[in-house]
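*Asks:* Got a structure for you, upload31.txt, holding compact mmCIF, C-alpha atoms.
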```
# COMPACT_ATOMS: atom_id res chain seq x y z
CA MET A 47 39.82 95.62 11.40
CA PRO A 48 37.93 92.88 13.25
CA LEU A 49 35.14 90.64 12.05
CA ILE A 50 32.38 89.78 14.49
CA ASP A 51 29.74 87.03 14.30
CA VAL A 52 26.25 88.54 14.66
CA ASN A 53 22.80 87.46 13.48
CA GLY A 54 24.23 84.41 11.71
CA ILE A 55 26.74 86.36 9.59
CA ARG A 56 30.11 88.10 9.95
CA LEU A 57 30.26 91.89 10.06
CA HIS A 58 33.44 93.90 9.56
CA TYR A 59 33.59 96.86 11.94
CA TYR A 60 35.84 99.60 13.33
CA ASP A 61 35.77 100.76 16.95
CA ASN A 62 37.27 104.24 17.31
CA PRO A 63 37.83 105.35 20.94
CA ALA A 64 37.42 108.97 21.95
CA ASP A 65 40.48 111.20 22.06
CA LYS A 66 39.37 112.37 25.50
CA PRO A 67 36.86 111.13 28.07
CA ALA A 68 33.30 111.98 27.13
CA ALA A 69 31.50 114.39 29.42
CA PRO A 70 29.13 112.66 31.80
CA THR A 71 25.43 112.85 31.06
CA GLY A 72 22.77 113.87 33.53
CA SER A 73 22.40 110.26 34.63
CA GLY A 74 26.03 110.17 35.75
CA ARG A 75 27.11 107.65 33.11
CA ALA A 76 29.51 108.28 30.26
CA ALA A 77 28.03 109.63 27.05
CA PRO A 78 26.88 106.73 24.84
CA ALA A 79 28.81 105.55 21.83
CA VAL A 80 27.87 106.68 18.33
CA LEU A 81 27.11 104.04 15.70
CA LEU A 82 27.31 105.26 12.07
CA ILE A 83 25.33 103.34 9.41
CA MET A 84 26.38 103.84 5.80
CA GLY A 85 24.15 103.98 2.74
CA SER A 86 23.63 101.53 -0.10
CA GLY A 87 26.68 100.02 -1.77
CA SER A 88 29.22 101.97 0.28
CA LYS A 89 31.78 100.90 2.84
CA GLY A 90 31.73 102.15 6.41
CA ARG A 91 35.17 103.63 5.75
CA ALA A 92 33.44 106.52 3.95
CA TRP A 93 32.63 107.93 7.40
CA HIS A 94 36.34 108.03 8.21
CA LEU A 95 37.12 110.78 5.70
CA HIS A 96 35.41 113.49 7.73
CA GLN A 97 32.89 112.38 10.37
CA VAL A 98 34.91 109.92 12.47
CA PRO A 99 37.87 112.29 13.12
CA ALA A 100 35.52 115.11 14.13
CA LEU A 101 33.38 112.96 16.41
CA VAL A 102 36.38 111.30 18.05
CA ALA A 103 37.97 114.73 18.63
CA ALA A 104 34.70 115.78 20.27
CA GLY A 105 35.17 113.05 22.86
CA LEU A 106 32.86 110.40 21.43
CA ARG A 107 33.49 106.72 20.85
CA VAL A 108 32.55 106.00 17.23
CA ILE A 109 31.73 102.62 15.68
CA THR A 110 31.45 102.10 11.93
CA PHE A 111 30.86 98.91 9.99
CA ASP A 112 30.31 97.43 6.55
CA ASN A 113 26.70 96.37 6.05
CA ARG A 114 26.06 92.83 4.91
CA GLY A 115 26.53 92.71 1.16
CA ILE A 116 29.72 94.77 1.39
CA ALA A 117 32.95 92.77 1.65
CA PRO A 118 34.73 91.89 3.89
CA SER A 119 31.40 91.54 5.72
CA ASP A 120 29.46 88.54 4.44
CA GLU A 121 28.04 89.40 1.02
CA CYS A 122 24.95 87.17 1.33
CA ALA A 123 24.54 86.63 -2.40
CA GLY A 124 21.20 84.90 -1.81
CA GLY A 125 19.63 88.25 -0.99
CA PHE A 126 18.35 90.08 2.06
CA GLY A 127 16.00 92.86 3.12
CA VAL A 128 15.86 95.82 5.46
CA ALA A 129 14.75 93.57 8.34
CA ASP A 130 18.04 91.68 8.04
CA LEU A 131 20.04 94.91 8.15
CA VAL A 132 18.09 96.09 11.20
CA ALA A 133 18.70 92.76 12.94
CA ASP A 134 22.41 92.92 12.05
CA THR A 135 22.69 96.41 13.53
CA ALA A 136 20.83 95.46 16.69
CA ALA A 137 23.02 92.38 17.17
CA LEU A 138 26.19 94.46 16.68
CA ILE A 139 25.05 96.94 19.34
CA GLU A 140 24.33 94.09 21.73
CA GLU A 141 27.53 92.17 21.01
CA LEU A 142 29.69 95.28 21.56
CA ARG A 143 27.56 96.30 24.57
CA LEU A 144 26.93 99.76 23.16
CA GLY A 145 23.27 100.18 23.95
CA PRO A 146 21.56 102.40 24.33
CA CYS A 147 23.71 104.29 21.85
CA GLN A 148 23.41 107.23 19.53
CA VAL A 149 22.69 106.13 15.96
CA VAL A 150 23.46 108.10 12.79
CA GLY A 151 22.48 106.91 9.33
CA THR A 152 22.54 108.31 5.83
CA SER A 153 20.33 107.28 2.90
CA MET A 154 19.75 103.50 3.23
CA GLY A 155 21.54 103.71 6.56
CA ALA A 156 18.97 106.25 7.75
CA TYR A 157 16.19 103.87 6.70
CA VAL A 158 17.82 101.13 8.76
CA ALA A 159 18.27 103.52 11.70
CA GLN A 160 14.66 104.65 11.78
CA GLU A 161 13.41 101.08 11.53
CA LEU A 162 15.82 100.09 14.32
CA ALA A 163 14.35 102.82 16.53
CA LEU A 164 10.94 101.21 15.99
CA ALA A 165 11.94 97.56 16.31
CA ARG A 166 14.47 97.88 19.17
CA PRO A 167 13.90 101.25 20.89
CA GLU A 168 15.82 100.16 23.98
CA LEU A 169 19.03 100.15 21.90
CA VAL A 170 18.74 103.75 20.64
CA ASP A 171 19.50 106.84 22.73
CA ARG A 172 19.48 109.52 20.01
CA LEU A 173 18.85 109.40 16.30
CA VAL A 174 20.25 111.39 13.36
CA LEU A 175 18.73 110.69 9.95
CA MET A 176 20.49 112.16 6.91
CA ALA A 177 19.14 112.11 3.35
CA THR A 178 16.17 110.04 4.44
CA ARG A 179 12.56 109.57 3.47
CA GLY A 180 9.51 107.78 4.81
CA ARG A 181 7.93 106.85 1.50
CA ALA A 182 8.85 106.40 -2.15
CA ASP A 183 7.32 108.77 -4.67
CA ALA A 184 6.78 107.96 -8.35
CA VAL A 185 10.19 109.09 -9.60
CA ARG A 186 12.27 107.40 -6.87
CA SER A 187 10.27 104.18 -7.23
CA ALA A 188 10.86 104.21 -10.99
CA LEU A 189 14.59 104.82 -10.49
CA SER A 190 14.86 101.88 -8.10
CA ARG A 191 13.04 99.54 -10.50
CA ALA A 192 15.15 100.72 -13.43
CA GLU A 193 18.44 100.17 -11.60
CA ILE A 194 17.41 96.64 -10.66
CA GLU A 195 16.28 95.93 -14.22
CA LEU A 196 19.57 97.21 -15.63
CA TYR A 197 21.57 95.10 -13.18
CA ASP A 198 19.60 91.97 -14.05
CA THR A 199 20.24 92.37 -17.79
CA ASP A 200 23.95 91.74 -17.16
CA VAL A 201 24.74 94.80 -19.28
CA ARG A 202 27.75 96.56 -17.81
CA LEU A 203 28.16 100.20 -18.76
CA PRO A 204 31.63 101.78 -18.98
CA ALA A 205 32.85 102.87 -15.54
CA SER A 206 33.53 106.37 -16.83
CA TYR A 207 29.91 106.73 -17.96
CA GLU A 208 28.54 105.40 -14.68
CA ALA A 209 30.76 107.86 -12.79
CA VAL A 210 29.32 110.81 -14.72
CA ILE A 211 25.73 109.67 -14.14
CA GLU A 212 26.41 109.12 -10.44
CA ALA A 213 28.00 112.56 -10.11
CA MET A 214 25.01 114.23 -11.73
CA GLN A 215 22.59 112.32 -9.50
CA MET A 216 24.43 112.56 -6.21
CA LEU A 217 26.29 115.88 -6.15
CA SER A 218 25.25 119.50 -5.90
CA PRO A 219 25.52 121.90 -8.85
CA THR A 220 27.86 123.86 -6.57
CA THR A 221 30.30 120.95 -6.74
CA LEU A 222 29.76 120.17 -10.42
CA ASP A 223 30.29 123.79 -11.46
CA ASP A 224 33.78 123.75 -9.95
CA ASP A 225 35.86 122.02 -12.63
CA GLN A 226 38.64 120.85 -10.32
CA ARG A 227 36.25 119.45 -7.72
CA ALA A 228 34.18 117.83 -10.45
CA ARG A 229 37.27 116.13 -11.95
CA ASP A 230 38.32 114.86 -8.52
CA TRP A 231 34.86 113.44 -7.90
CA LEU A 232 34.68 111.78 -11.32
CA ASP A 233 38.03 110.09 -10.73
CA LEU A 234 36.93 108.90 -7.30
CA LEU A 235 33.56 107.60 -8.45
CA GLU A 236 35.09 105.72 -11.36
CA LEU A 237 37.48 103.94 -9.00
CA THR A 238 34.93 103.08 -6.31
CA ARG A 239 32.03 101.58 -8.22
CA ALA A 240 30.09 99.08 -6.11
CA SER A 241 30.50 95.47 -7.20
CA GLY A 242 30.19 91.98 -5.81
CA PRO A 243 27.33 89.55 -5.17
CA GLY A 244 25.76 91.76 -2.49
CA SER A 245 25.29 94.73 -4.82
CA ARG A 246 22.03 93.40 -6.30
CA ALA A 247 20.45 93.05 -2.86
CA HIS A 248 21.46 96.58 -1.88
CA LEU A 249 19.57 97.96 -4.89
CA GLY A 250 16.36 96.57 -3.42
CA ILE A 251 16.78 98.12 0.05
CA THR A 252 14.57 101.16 -0.38
CA VAL A 253 11.50 102.54 1.35
CA GLY A 254 8.52 100.95 -0.33
CA SER A 255 5.28 101.44 1.55
CA ASP A 256 4.49 104.70 3.30
CA ARG A 257 6.09 104.43 6.77
CA ARG A 258 5.19 107.87 8.08
CA THR A 259 2.36 106.69 10.31
CA ALA A 260 4.61 104.02 11.86
CA TYR A 261 7.30 106.61 12.59
CA ARG A 262 4.92 108.41 14.95
CA ASP A 263 5.93 105.72 17.44
CA ILE A 264 9.61 106.72 17.47
CA ARG A 265 10.19 108.28 20.89
CA VAL A 266 13.92 109.09 20.99
CA PRO A 267 15.31 112.59 20.36
CA THR A 268 15.76 112.84 16.60
CA ARG A 269 17.33 115.25 14.13
CA VAL A 270 16.61 114.92 10.40
CA ILE A 271 19.24 116.50 8.14
CA ALA A 272 18.35 117.07 4.50
CA PHE A 273 20.67 118.22 1.74
CA GLU A 274 19.36 121.13 -0.31
CA ASP A 275 20.26 119.77 -3.77
CA ASP A 276 19.56 116.10 -3.06
CA LEU A 277 17.79 114.46 -6.02
CA ILE A 278 17.60 111.01 -4.41
CA SER A 279 16.07 112.06 -1.07
CA PRO A 280 14.90 115.64 -1.59
CA PRO A 281 14.35 117.86 1.46
CA ARG A 282 10.55 117.71 1.16
CA LEU A 283 10.65 113.94 1.81
CA GLY A 284 13.02 114.38 4.75
CA ARG A 285 10.71 117.02 6.22
CA GLU A 286 7.88 114.50 6.11
CA VAL A 287 9.90 112.13 8.30
CA ALA A 288 10.66 114.90 10.78
CA GLU A 289 6.99 115.85 10.91
CA ALA A 290 6.03 112.23 11.59
CA ILE A 291 8.46 111.68 14.50
CA PRO A 292 7.24 113.47 17.64
CA GLY A 293 9.51 116.38 18.55
CA ALA A 294 12.02 115.73 15.75
CA GLU A 295 14.25 118.58 14.60
CA PHE A 296 14.68 119.33 10.90
CA GLU A 297 17.58 121.02 9.16
CA VAL A 298 18.45 121.65 5.50
CA LEU A 299 22.12 122.11 4.61
CA PRO A 300 22.86 124.16 1.47
CA ASP A 301 25.17 123.50 -1.48
CA CYS A 302 25.19 119.71 -1.23
CA GLY A 303 23.48 116.75 -2.84
CA HIS A 304 22.93 113.17 -1.70
CA TYR A 305 26.58 112.89 -0.69
CA GLY A 306 26.28 115.95 1.53
CA TYR A 307 28.32 114.42 4.34
CA LEU A 308 31.26 114.38 1.90
CA GLU A 309 30.51 117.61 0.03
CA GLN A 310 29.92 119.83 3.07
CA PRO A 311 31.54 117.90 5.93
CA GLU A 312 32.11 120.90 8.20
CA ALA A 313 28.42 121.80 8.20
CA VAL A 314 27.41 118.16 8.69
CA ASN A 315 29.89 117.63 11.53
CA LYS A 316 28.80 120.82 13.29
CA SER A 317 25.19 119.64 13.19
CA LEU A 318 26.07 116.12 14.35
CA ILE A 319 28.27 117.19 17.25
CA GLY A 320 25.86 119.90 18.36
CA PHE A 321 23.02 117.40 18.56
CA LEU A 322 24.87 114.34 19.87
CA ARG A 323 26.65 116.23 22.64
CA THR A 324 23.54 118.07 23.84
```
Represent the structure contained in this file as structure tokens.
*Replies:*
Amino acid sequence: MPLIDVNGIRLHYYDNPADKPAAPTGSGRAAPAVLLIMGSGSKGRAWHLHQVPALVAAGLRVITFDNRGIAPSDECAGGFGVADLVADTAALIEELRLGPCQVVGTSMGAYVAQELALARPELVDRLVLMATRGRADAVRSALSRAEIELYDTDVRLPASYEAVIEAMQMLSPTTLDDDQRARDWLDLLELTRASGPGSRAHLGITVGSDRRTAYRDIRVPTRVIAFEDDLISPPRLGREVAEAIPGAEFEVLPDCGHYGYLEQPEAVNKSLIGFLRT
């Protein structure tokens, strides 16, 4: 579980070698590594439940990491923005000599990935954007402001209550209607609430201005994956990103919410491997 010095901070990362040699690409070189970027407030280890084993078994080298703000990476209590996260990711790719590599992000991680493809296109070979958006509508903007306001009041709600609210926001009715699955999720969410000095900064990492016009300049092969029951990044906002990026593919996976990569991992992994190994 190494720490690496990049962009003036320390990032905690995992480097997972392929189970078997990757098939050569048309250029004669080995298939590029896959870098997975996690969403707001979550550790990179969340990818290891389902995505990392499947990708490694498919013959891909997979790198995951904890974004700044998430210990044991530097928590940067003074605050940071999306440009810092993009610079961190670019520096990690360069330090590990991964580029150009395939980049997968979900939620905030997708926002970082699409901005990376604009700022440092030479580092990105393929792009998968899950639960993403290119603008903030009225409801999502209000939610972001409200979460920051609540955090700044220093009022701390009971963990059990926060777990229920998170489940209702982030999961599909298909999951919530299954009592056993719902109980398992509530227990998990209550135990894994984000905390620490970097949490406040993560709340502010959200798409503000409309970035759809800028994303017309993304030139790498891209697949946008939306989750059918996602309340945080609904499919219509993901479709807008796919329509902005020239040639981007768009897919909606059923029976999952914002945590679709955990709710429907087989469908997500099938889509990832099919695209990344093309």
*Asks:* Can you tell me which residues surround region 151-158 of chain A at a distance of at most 7 Å, considering only C-alpha atoms, apart from same-chain residues fewer than 4 positions away, and format the answer as a list in words?
*Replies:* Leu82, Ile83, Met84, Gly85, Ser86, Val128, Leu131, Val132, Leu162, Val174, Leu175, Met176, Ala177, Thr178, Ile251 and Thr252 of chain A
*Asks:* Can I get the selected residues back with C-alpha atoms, as a JSON list (two decimals), keeping the file's coordinate frame?
*Replies:*
```json
[["chain", "number", "residue", "atom", "x", "y", "z"],
["A", 82, "LEU", "CA", 27.31, 105.26, 12.07],
["A", 83, "ILE", "CA", 25.33, 103.34, 9.41],
["A", 84, "MET", "CA", 26.38, 103.84, 5.80],
["A", 85, "GLY", "CA", 24.15, 103.98, 2.74],
["A", 86, "SER", "CA", 23.63, 101.53, -0.10],
["A", 128, "VAL", "CA", 15.86, 95.82, 5.46],
["A", 131, "LEU", "CA", 20.04, 94.91, 8.15],
["A", 132, "VAL", "CA", 18.09, 96.09, 11.20],
["A", 162, "LEU", "CA", 15.82, 100.09, 14.32],
["A", 174, "VAL", "CA", 20.25, 111.39, 13.36],
["A", 175, "LEU", "CA", 18.73, 110.69, 9.95],
["A", 176, "MET", "CA", 20.49, 112.16, 6.91],
["A", 177, "ALA", "CA", 19.14, 112.11, 3.35],
["A", 178, "THR", "CA", 16.17, 110.04, 4.44],
["A", 251, "ILE", "CA", 16.78, 98.12, 0.05],
["A", 252, "THR", "CA", 14.57, 101.16, -0.38]]
```
*Asks:* If I put a ball of radius 10 Å at (28.6, 115.8, 17.3) in the file's coordinates, which residues poke into it when counting all atoms listed in the file, written as a list in words?
*Replies:* Val80, Gln97, Val98, Ala100, Leu101, Val102, Ala103, Ala104, Gly105, Leu106, Val314, Asn315, Lys316, Ser317, Leu318, Ile319, Gly320, Phe321, Leu322, Arg323 and Thr324 of chain A
*Asks:* Report as a PyMOL selection string all protein, DNA and RNA residues lying within 7 Å of Glu121 (chain A), evaluated on only C-alpha atoms, omitting residues in the same chain fewer than 3 positions from it.
*Replies:* chain A and resi 114-117+243-244
*Asks:* Can you work out the spacing between CA of Gly54 (chain A) and CA of Ser245 (chain A) in Å, to one decimal?
*Replies:*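 Separating CA of Gly54 (chain A) from CA of Ser245 (chain A) is a distance of 19.5 Å.
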*Asks:* Can you list, as number ranges by chain, every protein, DNA or RNA residue that comes within 10 Å of Arg166 (chain A) when you count all atoms listed in the file, leaving out same-chain residues fewer than 3 positions away?
*Replies:* A: 132-133, 136, 146, 161-163, 169-170
*Asks:* Find the distance between CA of Glu274 (chain A) and CA of Ser218 (chain A) and write it in Å to one decimal.
*Replies:*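 Distance reported for this atom pair: 8.3 Å.
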*Asks:* Do a neighbour search on Asp263 (chain A) at 10 Å with all atoms listed in the file, toss out local chain neighbours closer than 5 positions, and write the hits as a list in words.
*Replies:*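 So, after excluding close chain neighbours, the residues are Ala163, Leu164, Pro167, Arg258, Ala290, Ile291 and Pro292 of chain A.
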*Asks:* So which one's closest to Thr110 (chain A), A:Ser255, A:Ser88, A:Ser206, A:Ser187? Using all atoms listed in the file, please.
*Replies:* A:Ser88
*Asks:* For Leu142 (chain A), list every protein, DNA or RNA residue within 10 Å, evaluated using only C-alpha atoms, and leave out those in the same chain fewer than 6 positions away; present the list as a PyMOL selection string.
*Replies:* chain A and resi 50+61+109
*Asks:* Could you take the residues named above and write them with C-alpha atoms, as a compact mmCIF listing (two decimals), in the coordinates of the input?
*Replies:*
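File produced: again22.txt:
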```txt
# COMPACT_ATOMS: atom_id res chain seq x y z
CA ILE A 50 32.38 89.78 14.49
CA ASP A 61 35.77 100.76 16.95
CA ILE A 109 31.73 102.62 15.68
```
*Asks:* Separation of CA of Asp134 (chain A) and CA of Ala79 (chain A), in Å?
*Replies:*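 Those two atoms sit 17.2 Å apart.
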*Asks:* Dig up all the protein and nucleic acid residues within 9 Å of (29.7, 123.6, 1.6) in the file frame, using only C-alpha atoms, and format them as number ranges by chain.
*Replies:* A: 220-221, 299-302, 306, 309-313
*Asks:* Could those selected residues go to a file with C-alpha atoms, as an mmCIF file, keeping the file's coordinate frame?
*Replies:*
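Once everything was written out, this is out-v5.cif:
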```cif
data_model
loop_
_atom_site.group_PDB
_atom_site.id
_atom_site.type_symbol
_atom_site.label_atom_id
_atom_site.label_comp_id
_atom_site.auth_asym_id
_atom_site.auth_seq_id
_atom_site.Cartn_x
_atom_site.Cartn_y
_atom_site.Cartn_z
ATOM 1 C CA THR A 220 27.860 123.860 -6.570
ATOM 2 C CA THR A 221 30.300 120.950 -6.740
ATOM 3 C CA LEU A 299 22.120 122.110 4.610
ATOM 4 C CA PRO A 300 22.860 124.160 1.470
ATOM 5 C CA ASP A 301 25.170 123.500 -1.480
ATOM 6 C CA CYS A 302 25.190 119.710 -1.230
ATOM 7 C CA GLY A 306 26.280 115.950 1.530
ATOM 8 C CA GLU A 309 30.510 117.610 0.030
ATOM 9 C CA GLN A 310 29.920 119.830 3.070
ATOM 10 C CA PRO A 311 31.540 117.900 5.930
ATOM 11 C CA GLU A 312 32.110 120.900 8.200
ATOM 12 C CA ALA A 313 28.420 121.800 8.200
#
```
*Asks:* Can you work out which one of A:Asp130, A:Asp233, A:Glu141, A:Asp112 has the shortest atom-to-atom distance to Asp51 (chain A), counting all atoms listed in the file?
*Replies:* A:Glu141
*Asks:* Measuring between only C-alpha atoms, which one of A:Leu95, A:Leu196, A:Ala182, A:Leu57 shows the shortest distance to Arg246 (chain A)?
*Replies:*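 Using only C-alpha atoms, the shortest distance to Arg246 (chain A) belongs to A:Leu196.
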*Asks:* Since the input lacks atoms, please generate N, CA, C and O atoms for region 237-253 of chain A and provide them as a tab-separated table (two decimals), in the frame of the given file.
*Replies:*
```
chain	number	residue	atom	x	y	z
A	237	LEU	N	36.65	104.94	-9.67
A	237	LEU	CA	37.48	103.94	-9.00
A	237	LEU	C	36.73	103.17	-7.92
A	237	LEU	O	37.20	102.12	-7.47
A	238	THR	N	35.60	103.67	-7.47
A	238	THR	CA	34.93	103.08	-6.31
A	238	THR	C	33.54	102.56	-6.64
A	238	THR	O	32.66	102.54	-5.78
A	239	ARG	N	33.33	102.13	-7.87
A	239	ARG	CA	32.03	101.58	-8.22
A	239	ARG	C	31.74	100.33	-7.40
A	239	ARG	O	32.60	99.48	-7.22
A	240	ALA	N	30.50	100.25	-6.90
A	240	ALA	CA	30.09	99.08	-6.11
A	240	ALA	C	30.05	97.84	-7.00
A	240	ALA	O	29.62	97.89	-8.15
A	241	SER	N	30.54	96.73	-6.46
A	241	SER	CA	30.50	95.47	-7.20
A	241	SER	C	30.44	94.33	-6.19
A	241	SER	O	30.58	94.54	-4.98
A	242	GLY	N	30.24	93.14	-6.70
A	242	GLY	CA	30.19	91.98	-5.81
A	242	GLY	C	28.78	91.44	-5.71
A	242	GLY	O	27.80	92.10	-6.08
A	243	PRO	N	28.64	90.22	-5.19
A	243	PRO	CA	27.33	89.55	-5.17
A	243	PRO	C	26.30	90.23	-4.28
A	243	PRO	O	25.10	89.99	-4.44
A	244	GLY	N	26.73	91.08	-3.35
A	244	GLY	CA	25.76	91.76	-2.49
A	244	GLY	C	25.17	93.01	-3.10
A	244	GLY	O	24.20	93.56	-2.58
A	245	SER	N	25.73	93.47	-4.22
A	245	SER	CA	25.29	94.73	-4.82
A	245	SER	C	23.83	94.67	-5.26
A	245	SER	O	23.08	95.63	-5.10
A	246	ARG	N	23.42	93.54	-5.83
A	246	ARG	CA	22.03	93.40	-6.30
A	246	ARG	C	21.05	93.55	-5.15
A	246	ARG	O	20.00	94.22	-5.28
A	247	ALA	N	21.35	92.96	-4.00
A	247	ALA	CA	20.45	93.05	-2.86
A	247	ALA	C	20.36	94.48	-2.35
A	247	ALA	O	19.29	94.95	-1.96
A	248	HIS	N	21.48	95.20	-2.36
A	248	HIS	CA	21.46	96.58	-1.88
A	248	HIS	C	20.54	97.45	-2.73
A	248	HIS	O	19.92	98.39	-2.22
A	249	LEU	N	20.44	97.17	-4.02
A	249	LEU	CA	19.57	97.96	-4.89
A	249	LEU	C	18.10	97.87	-4.44
A	249	LEU	O	17.34	98.80	-4.67
A	250	GLY	N	17.75	96.76	-3.83
A	250	GLY	CA	16.36	96.57	-3.42
A	250	GLY	C	16.04	97.10	-2.04
A	250	GLY	O	14.87	97.07	-1.62
A	251	ILE	N	17.03	97.60	-1.30
A	251	ILE	CA	16.78	98.12	0.05
A	251	ILE	C	16.37	99.58	-0.06
A	251	ILE	O	17.17	100.50	-0.02
A	252	THR	N	15.10	99.81	-0.25
A	252	THR	CA	14.57	101.16	-0.38
A	252	THR	C	13.20	101.22	0.26
A	252	THR	O	12.50	100.20	0.37
A	253	VAL	N	12.81	102.38	0.72
A	253	VAL	CA	11.50	102.54	1.35
A	253	VAL	C	10.42	102.26	0.32
A	253	VAL	O	10.36	102.92	-0.73
```
